[in-house]
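Asks: Quick one: the structure is below, questions incoming.
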Amino acid sequence: MENEFTTVGKRVVRSDSLAKVTGEAYYTADIKLPGMLIAKVLRSPYPHAKILHIDLKRALKVPGVKAAISGFDTYGIKWGVFRYTKDHPMLPTDKVRYIGEDVAAVAAVDEETALEALSYIRVDYEPLPAVFDPEEAMQEGAPQIHNEFANNINIHVHIDVGKVDEAMKNAFLVREDTFKAAGEAYAMMEPYAVVASHKNGFLDLWMPNAGPHVRAKALSNLLKIPLNRVRIRHINSGGAFGGRSEVSPGDLIASLLSIKAGGPVKLALSREENAISTRQVHDMIAMVKTGMKKDGTIVAKDYRVVYDGGAYSSTGPIATSVPFYVYEECYRFPNVRYNGYRVFTNKGIRGMYGCHGRAFLAGNEAQMDFMANELGMDPVEIRLKNGLTSGEITATKSKITSCGLKETIQKSSERTGFKKKWAKTQKFKGIGMGCVAMMCGFPMGFRSGSSCYVKMNDDGQVTLVTGLVDNGQGNESLAIQIASEVLGVPMEDINLINADTEVTNLDPGAYSQAATFVGANAVKVACENARRKIVSIAAQKLGVREADIVLKNRVAYSKKTPDNKMPISWVVREAFFRGDPIVATGSFFPKIDFEREWVSRPWGQMAGTFSFGTSVAEVVIDRETGKVTIPHFTAAHDCGRPINPMAVEGQMEGSIQQAGVATIMEGNLWERGFLLNPDLLEYKVPLACDMPDIETIIVSSRDPEGPFGAKEGGLTIRMNAHSAVACAVANATGTLFRELPLTPDRVLDALERKKGIKR
Amino acid sequence: MKTMKVTFRVNDEKVTLQVRPYETLLETLRERLDLIGAKEACVMGACGTCTVVVNGIPLRSCLVLTPEVDGASVTTVEGLKKDEKLHPLQEAFMEKGAVQCGFCTSGMLMTAKALLDRNKRPTKKEITKTISSNICRCTGYKKIVEAVEEAAKKSI
Amino acid sequence: MILPKFEYKKAGNIAKAIAFYELYNGQARYLAGGTDLIPLVKLRLSTAMAIIDLKGIKELKAISHQGGWLLIGANVTLFELKNNDTVREYFPALYESLDATSCETLQMRGTIGGNILQDTRCLLYNKTLEWRTARGFCFKMGGETCNVVPNARACFSNYCSDNALSLIALSASVKLSGPQGERKMRLEEIFSGDGRNPFTLMPGEILTEILIPMKRSKGAYKKLRVRDSIDYPLLGVAVSIKGKTGRVCVGGIGPTPLVYNLKDINGSTFKDVAEKAYSDARPVSNTTLSPDYRKKMVSVLIQRASKKVLQEGK
């Protein structure tokens, strides 16, 4: 593809990578401050128990201990993302609701002292009956985890469009299946850590996070400290994948300890603590009922999906909705009913995840293949027939403004020879396809938009200030790349200040796939505003029209007579002389329906745009052991225009690992309230040797609103790679899966059910 | 408990330290020597994030007691650069886009360095096998394998 | 996670190591590669006043041929052993199990002695003190009953060395040195059958040497695991034959490997062994895959290994 740009669309080296390959990049646990104390947390050993008494006295007497706290030292304010989900006390005083819940904490001169002190904290509990299965939790008489939520139903999302029952009745083919999936672990390589430093009435904090402003606001509320006195600072993040979006108990604990002790406090969680007490992914049960016409047109969908939410709401309304939306934004559903229930259980808290909803998504796609087969169609045909196209409106009234779905399906199927392989697979080999759409941002009130501030320094270098957050995806580099393109200076001339609540404006953060479409758009607008000022002065100085000015490689020149030129730094200095330095702001607000609400009003424009993607997995099954291997994986993603194709590929490849290969090995294992694999040995993050040969295809659809036509980069694959693998295994075994992950024991069961005979 | 005197080389510099006998090399590097490139991710030897090279062998520094490296030569990610010039692996990791969140990067680099030091021209299969000692949660490993291949070409 | 307090002692020879052991009245643990021991100490599953480092003992690092035996010092790393020509040529089962052990980095640190004497594992045992305290101590931790099999006063933890299985299949013996002197025994005799304390070694004894009869063998090692690196075996099967005789060893299920002697190998030998081993294996729900499945795989892996062995040299 011909590229008229200098850096946009190029495979540029990410701006953050130098510090990361030299070991100089700072992460939270690397921070050392003078007089810094080490914090440790005492956690609940019970899945459900009344707290009768907490005694910190003996812990405080241990030499070297500077502070000890429990929930009785807080204001007792409960946290919730929504007004109707304020149920998380962070440090509970009434009862504990899961094993590993934060109960008390100490800060001491070193880790050994802190651990010793923990052992002296006495907590009297009265164990209560607990419930671990969401279906059981919904039954009358089940132990109640929160008084405010009857039958433990935390969230019920009810969507009913058209006439589902009637359409089902008139459908040519109807099928109903139920699919289950274990929740995954985020397993970000960096265990959660937070450093809090309270000094002179100001609280500074560092932690890996997806949105600093949301945390600052929450902490300001919980600690009753004015917002301007809570400052979340920039730090590198060792992965988030959706699991670091909200304020965490550790943030409150480190802050309180720092306030009490009068010095900086570091709390670094162990791998096990990170697994049991931060966020986990929802276990799910998805009933999927589909009605089709004889020609394969989907006429109706009826869903009942139960999400195991664990002990608290977290981002519950969003988590209960997103799997449904990424699917209804992909396919045409004239009649659809969705009943999503998020249910409390006495297990760890479940949050949003980059691959969230695999039982639902893979279930839908695999079922569609089986129905297509009955109608004499193949997965490609049925997806093309029902896939949405540009200009269409989804069932819940979102308009699709740019759509490369068809192209992703066609390209990935052509590249893999899909139709042929699917129709006539060799024994124990299979191929499968998964499609999905992804909203680029979604309604988050005034945090849905982003603002950026840019200033040109006297040497022609640039300082860029934005709330945009990088959790490892490359968002920082993205912002710099866009500024470089607009301002005509190389990336290394741009200093980025971001993700610091004191100096940056609000931004959605690395959440909801808004970084490119929203955050980088604001960067582009700000830089364009600065550019206009540069161009105006340069045109005057060079005696040409503004339209003739080009900014490139630190130089402003005339397009017609390129020798007529001046360094941008001269322009900047001239602006200083004129008392009108080159500074500019810019903001971007996506065109979304702000009346839209996850539970009370689930319709209206969801996002400014949607990305699309198709994954194709090819699998081989060991007929005797049931072990699945994935020799090839092909992914096609419509990201609008790729700003940095290398970064987009990286996102797609990581998604194939985290969603695709995960489908055969990843899942949290529970024994009642005990997480059996809270480590990196028994929780199976795929290794290099487990990975398929990967082919990535970037499809450009040039979004009219996106910065340089860009949308988000790669998340569709994270939400459809599981479908591709599950469909491929179904293709190979001739049976629909019942439960994910597709570990060898389950696959062998499926083979035995089918006696190894192909369709 | 008494501390012990330990002398070893770190990135070509001799250091002598008084350490606790029950101190791990990872703790010593990070806390006493401010070499924070080696990261703490699982501390049980399951992930490879804390890998450093000791006498040419990649070691998970969370499993090594500091007294065990008395007299040894330790290289950490901070010692990869020579005379302000990046190691070919560092360059290749940047150029091939093998770095995302960066938390596993130093361990990956050190594992790969030990490989290239003992095998100048590893095949793709050998590279994949070697880096299957380390967990990366972001990249899907493809660009890491490509980067090691590229670095091997460059270092010859 | 910080380690508990202990002293560190480095021994230059075996006598010195044993002397240290006695100095600490047995409250000491021997350290070789540490890939098994250090996590156990971190988890507070193994406690000691002193850790005695054996890596400075030169004689434990040698590989030599002597009187019809291949002698392998206990401190030879798995990676060194894997790259030993004799091992590759004479003992394919051992080569394959070494190659299948954990990952390359840990093969370079882990020693053959340590690999053999690794503690048995269980999904409910290899956990932090906090986790185990909340769950309640199991039989192996000194509790009343097993946490996996309700009310069982027995331990079903799994012995997870890949290489001991191959070595047993190769009829290897081991040499031990301790306060009472030296002794030699067949490798399979080091297993006590009790998951709480899986080995018959006496206090202070050091495994110093592994001896394999120097006879060319055909062999194979098959391992069941989820990921193709790092993971411990959920089941391991080693087969080694010399002419018409041989051995099958099955491990990864329970605290002691199952051993089957083969005589007059014919077409049905392995099928019979597979059936016998299938009925002998008693997996319980203490790994990430179900016990029924692991049991089924016993015969599958035996047949697979035997197929490879029988095809070899054809």
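Within each chain, counting starts at residue 1; across the structure tokens, chains are named A, B, ... in the order shown, with ligands numbered 1 upward in that order.
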Neighbours of Leu80 in chain B within 9 Å (only C-alpha atoms; same-chain residues fewer than 5 positions away dropped), as an MDAnalysis selection string?
Replies: (chainID A and resid 22) or (chainID B and resid 11 75 85:87 89:90 109:110 113)
Asks: Show which residues sit within 8 Å of Trp69 in chain C, as a PyMOL selection string. Count only C-alpha atoms, and ignore same-chain residues fewer than 3 positions away.
Replies: chain C and resi 65-66+211-214
Asks: What residues in chain A lie within 8 Å of chain B, counting only C-alpha atoms, written as a compact mmCIF listing (two decimals) with N, CA and C atoms, in the first residue's frame?
Replies:
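Ended up saving to iface-v1.txt:
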```
# COMPACT_ATOMS: atom_id res chain seq x y z
N VAL A 12 7.85 1.39 12.95
CA VAL A 12 8.83 2.14 13.73
C VAL A 12 9.16 1.42 15.04
N VAL A 13 10.38 1.66 15.52
CA VAL A 13 10.78 1.12 16.82
C VAL A 13 10.01 1.88 17.90
N ARG A 14 9.37 1.15 18.78
CA ARG A 14 8.57 1.79 19.81
C ARG A 14 9.43 2.66 20.73
N SER A 17 10.91 1.13 23.99
CA SER A 17 11.62 -0.15 24.02
C SER A 17 13.08 -0.04 24.44
N LEU A 18 13.72 1.10 24.21
CA LEU A 18 15.13 1.22 24.61
C LEU A 18 15.29 1.00 26.11
N LYS A 20 13.43 -0.54 28.04
CA LYS A 20 13.04 -1.90 28.43
C LYS A 20 14.11 -2.93 28.07
N VAL A 21 14.86 -2.72 26.99
CA VAL A 21 15.91 -3.70 26.68
C VAL A 21 17.20 -3.46 27.47
N THR A 22 17.33 -2.28 28.04
CA THR A 22 18.53 -2.03 28.83
C THR A 22 18.30 -2.30 30.32
N GLY A 23 17.07 -2.59 30.68
CA GLY A 23 16.77 -2.85 32.08
C GLY A 23 16.56 -1.59 32.89
N GLU A 24 16.54 -0.44 32.20
CA GLU A 24 16.40 0.82 32.93
C GLU A 24 14.95 1.22 33.17
N ALA A 25 14.03 0.57 32.49
CA ALA A 25 12.62 0.93 32.65
C ALA A 25 12.18 0.64 34.08
N ASP A 30 10.30 -1.46 41.55
CA ASP A 30 11.69 -0.98 41.46
C ASP A 30 11.90 0.33 42.22
N ALA A 187 -2.68 -13.22 34.82
CA ALA A 187 -1.28 -13.66 34.79
C ALA A 187 -0.37 -12.64 34.14
N MET A 188 -0.62 -11.36 34.40
CA MET A 188 0.34 -10.37 33.94
C MET A 188 1.67 -10.67 34.61
N MET A 189 2.76 -10.46 33.88
CA MET A 189 4.04 -10.88 34.44
C MET A 189 4.41 -10.09 35.69
N GLU A 190 3.95 -8.87 35.77
CA GLU A 190 4.25 -8.05 36.95
C GLU A 190 3.19 -8.26 38.02
N PRO A 191 3.57 -8.80 39.17
CA PRO A 191 2.58 -8.88 40.24
C PRO A 191 2.22 -7.45 40.68
N ASN A 236 5.91 2.46 34.43
CA ASN A 236 5.67 1.40 33.46
C ASN A 236 4.77 0.33 34.07
N SER A 237 4.05 -0.32 33.21
CA SER A 237 3.12 -1.34 33.66
C SER A 237 3.49 -2.66 33.02
N GLY A 238 3.64 -3.67 33.85
CA GLY A 238 4.01 -5.00 33.34
C GLY A 238 2.81 -5.83 32.95
N GLY A 239 1.92 -5.22 32.18
CA GLY A 239 0.76 -5.95 31.68
C GLY A 239 -0.49 -5.66 32.49
N SER A 270 2.74 -10.83 46.22
CA SER A 270 3.38 -12.04 45.71
C SER A 270 2.56 -12.54 44.53
N ARG A 271 3.12 -13.47 43.80
CA ARG A 271 2.40 -14.06 42.67
C ARG A 271 1.05 -14.62 43.12
N ASN A 471 -0.20 0.14 28.88
CA ASN A 471 0.01 -1.04 29.73
C ASN A 471 0.90 -2.06 29.03
N GLY A 472 1.61 -1.59 28.02
CA GLY A 472 2.50 -2.49 27.30
C GLY A 472 2.15 -2.63 25.83
N GLN A 473 0.96 -2.12 25.46
CA GLN A 473 0.51 -2.26 24.06
C GLN A 473 1.30 -1.40 23.10
N GLY A 474 1.88 -0.29 23.62
CA GLY A 474 2.58 0.64 22.76
C GLY A 474 1.81 1.93 22.55
N MET A 646 3.84 -3.04 12.99
CA MET A 646 4.56 -3.98 13.84
C MET A 646 3.88 -4.11 15.21
N ALA A 647 3.40 -3.00 15.72
CA ALA A 647 2.71 -3.03 17.02
C ALA A 647 1.36 -3.74 16.89
N GLY A 650 1.98 -7.34 16.78
CA GLY A 650 2.33 -7.80 18.13
C GLY A 650 1.09 -8.03 18.98
N GLN A 651 0.12 -7.13 18.84
CA GLN A 651 -1.14 -7.31 19.58
C GLN A 651 -1.88 -8.56 19.11
N GLU A 653 -0.57 -11.21 17.64
CA GLU A 653 0.17 -12.43 18.02
C GLU A 653 -0.03 -12.75 19.51
N GLY A 654 0.02 -11.71 20.32
CA GLY A 654 -0.22 -11.92 21.75
C GLY A 654 -1.63 -12.43 22.00
N SER A 655 -2.57 -11.95 21.20
CA SER A 655 -3.96 -12.38 21.36
C SER A 655 -4.11 -13.86 21.02
N ILE A 656 -3.35 -14.30 20.02
CA ILE A 656 -3.42 -15.71 19.62
C ILE A 656 -2.92 -16.59 20.75
N GLN A 657 -1.94 -16.09 21.47
CA GLN A 657 -1.46 -16.81 22.64
C GLN A 657 -2.49 -16.77 23.76
N GLN A 658 -2.94 -15.56 24.09
CA GLN A 658 -3.73 -15.38 25.31
C GLN A 658 -5.18 -15.84 25.17
N ASP A 679 -0.46 -19.80 40.64
CA ASP A 679 0.98 -19.65 40.38
C ASP A 679 1.23 -19.75 38.88
N LEU A 680 2.47 -19.64 38.48
CA LEU A 680 2.77 -19.71 37.06
C LEU A 680 3.25 -21.10 36.65
N LEU A 681 3.17 -22.06 37.57
CA LEU A 681 3.52 -23.43 37.21
C LEU A 681 2.26 -24.21 36.86
N VAL A 685 0.18 -20.63 31.33
CA VAL A 685 0.38 -19.62 30.29
C VAL A 685 1.18 -20.29 29.17
N PRO A 686 0.66 -20.27 27.94
CA PRO A 686 1.35 -20.97 26.86
C PRO A 686 2.80 -20.50 26.69
N LEU A 687 3.66 -21.44 26.34
CA LEU A 687 5.08 -21.14 26.14
C LEU A 687 5.38 -21.10 24.64
N ALA A 688 6.58 -20.65 24.32
CA ALA A 688 6.95 -20.49 22.91
C ALA A 688 6.73 -21.79 22.13
N CYS A 689 7.04 -22.93 22.79
CA CYS A 689 6.93 -24.21 22.10
C CYS A 689 5.48 -24.63 21.88
N MET A 691 3.22 -22.56 20.74
CA MET A 691 2.60 -21.60 19.82
C MET A 691 2.55 -22.13 18.39
N ILE A 694 2.28 -18.42 13.00
CA ILE A 694 1.25 -17.38 12.96
C ILE A 694 1.36 -16.57 11.68
```
Asks: Which residues of chain C sit at most 9 Å from chain B, using only C-alpha atoms? Give each one's shortest atom pair and distance in Å (one decimal place), in chain and ascending residue order, as JSON lines.
Replies:
```
{"residue": "C:Met1", "atom": "CA", "partner": "B:Val43", "partner_atom": "CA", "distance": 6.7}
{"residue": "C:Ile2", "atom": "CA", "partner": "B:Glu23", "partner_atom": "CA", "distance": 7.7}
{"residue": "C:Leu3", "atom": "CA", "partner": "B:Tyr22", "partner_atom": "CA", "distance": 6.0}
{"residue": "C:Pro4", "atom": "CA", "partner": "B:Tyr22", "partner_atom": "CA", "distance": 6.9}
{"residue": "C:Lys5", "atom": "CA", "partner": "B:Tyr22", "partner_atom": "CA", "distance": 5.9}
{"residue": "C:Phe6", "atom": "CA", "partner": "B:Tyr22", "partner_atom": "CA", "distance": 5.9}
{"residue": "C:Glu7", "atom": "CA", "partner": "B:Pro21", "partner_atom": "CA", "distance": 5.6}
{"residue": "C:Tyr8", "atom": "CA", "partner": "B:Pro21", "partner_atom": "CA", "distance": 5.3}
{"residue": "C:Lys9", "atom": "CA", "partner": "B:Pro21", "partner_atom": "CA", "distance": 8.8}
{"residue": "C:Lys10", "atom": "CA", "partner": "B:Glu68", "partner_atom": "CA", "distance": 8.3}
{"residue": "C:Gly33", "atom": "CA", "partner": "B:Val64", "partner_atom": "CA", "distance": 8.4}
{"residue": "C:Gly34", "atom": "CA", "partner": "B:Leu63", "partner_atom": "CA", "distance": 6.4}
{"residue": "C:Thr35", "atom": "CA", "partner": "B:Leu63", "partner_atom": "CA", "distance": 6.3}
{"residue": "C:Asp36", "atom": "CA", "partner": "B:Leu63", "partner_atom": "CA", "distance": 9.0}
{"residue": "C:Leu37", "atom": "CA", "partner": "B:Leu63", "partner_atom": "CA", "distance": 8.8}
{"residue": "C:Ile38", "atom": "CA", "partner": "B:Leu63", "partner_atom": "CA", "distance": 5.8}
{"residue": "C:Pro39", "atom": "CA", "partner": "B:Met44", "partner_atom": "CA", "distance": 5.3}
{"residue": "C:Leu40", "atom": "CA", "partner": "B:Met44", "partner_atom": "CA", "distance": 8.9}
{"residue": "C:Lys42", "atom": "CA", "partner": "B:Met44", "partner_atom": "CA", "distance": 8.0}
{"residue": "C:Ile51", "atom": "CA", "partner": "B:Tyr22", "partner_atom": "CA", "distance": 8.9}
{"residue": "C:Asp53", "atom": "CA", "partner": "B:Glu68", "partner_atom": "CA", "distance": 7.8}
{"residue": "C:Lys55", "atom": "CA", "partner": "B:Glu68", "partner_atom": "CA", "distance": 8.6}
{"residue": "C:Ser102", "atom": "CA", "partner": "B:Ser133", "partner_atom": "CA", "distance": 8.1}
{"residue": "C:Cys103", "atom": "CA", "partner": "B:Ser133", "partner_atom": "CA", "distance": 5.0}
{"residue": "C:Glu104", "atom": "CA", "partner": "B:Thr130", "partner_atom": "CA", "distance": 5.9}
{"residue": "C:Thr105", "atom": "CA", "partner": "B:Ser133", "partner_atom": "CA", "distance": 5.9}
{"residue": "C:Leu106", "atom": "CA", "partner": "B:Leu59", "partner_atom": "CA", "distance": 7.6}
{"residue": "C:Met108", "atom": "CA", "partner": "B:Ile57", "partner_atom": "CA", "distance": 7.0}
{"residue": "C:Arg109", "atom": "CA", "partner": "B:Leu59", "partner_atom": "CA", "distance": 7.0}
{"residue": "C:Asp228", "atom": "CA", "partner": "B:Ser132", "partner_atom": "CA", "distance": 8.3}
{"residue": "C:Ser229", "atom": "CA", "partner": "B:Ser132", "partner_atom": "CA", "distance": 6.1}
{"residue": "C:Ile230", "atom": "CA", "partner": "B:Ser133", "partner_atom": "CA", "distance": 6.5}
{"residue": "C:Asp231", "atom": "CA", "partner": "B:Ala46", "partner_atom": "CA", "distance": 8.9}
```
Asks: Which of range 107-301 of chain A counts as alpha helix (DSSP H) under DSSP, as a PyMOL selection string please?
Replies: chain A and resi 111-118+134-137+164-170+212-223+249-261+271-277
Asks: Could you list, as number ranges by chain, every residue of chain C that has an atom within 8 Å of an atom of chain A, counting only C-alpha atoms?
Replies: C: 1-2, 123-124, 130-131, 133-135, 226-231, 288-290, 293, 297, 300
Asks: Write out as a list in words the residues lying within 10 Å of Thr93 in chain A, counting only C-alpha atoms and excluding same-chain residues fewer than 6 positions away.
Replies: Lys50, Ile51, Leu52, His53, Ile54, Ser70, Gly71, Phe72, Asp73, Thr74, Gly76 and Val103 of chain A
Asks: Write out as a count of residues only each polymer residue whose atoms come within 8 Å of Phe633 in chain A, counting only C-alpha atoms; drop sequence neighbours fewer than 4 positions from it.
Replies: 9
Asks: Contacts of Cys639 in chain A at 6 Å or less, counting only C-alpha atoms, minus same-chain residues fewer than 3 places along, as a list in words?
Replies: Ser611, Lys711, Glu712 and Gly713 of chain A
Asks: Please return, as a PyMOL selection string, all residues of range 10-147 of chain B that DSSP assigns to strand (DSSP E or B) on the basis of the backbone.
Replies: chain B and resi 10+13-19+24+51-54+57-60+65+73-75+82+85
Asks: So that I can see what lies close to range 158-170 of chain A, please list as JSON, numbers by chain the residues with an atom at most 12 Å from it, counting only C-alpha atoms and leaving out residues fewer than 6 positions away in the same chain.
Replies: {"A": [176, 289, 290, 291, 292, 293, 294, 297, 298, 299, 300, 301, 302, 303, 304, 305, 317, 320, 321, 324, 325, 328, 332, 333, 334, 335, 336, 337, 338, 339, 340, 341, 342, 394, 395, 396, 397, 597, 598, 599, 600, 601, 602, 603]}
Asks: Considering only C-alpha atoms, return as a VMD selection string whatever protein or nucleic-acid residues lie within 9 Å of Ser285 in chain C, sequence-local ones (same chain, fewer than 6 positions apart) excluded.
Replies: chain C and resid 123 148 to 149 291 to 292
Asks: What separation in Å, quoted to one decimal, exists between CA of Arg58 in chain A and CA of Thr113 in chain A?
Replies: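 Between these atoms lies a distance of 12.8 Å.
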Asks: What does the distance between CA of Ala72 in chain B and CA of Asp85 in chain C come to in Å, to one decimal place?
Replies: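 Computing the Euclidean distance for CA of Ala72 in chain B and CA of Asp85 in chain C yields 28.0 Å.
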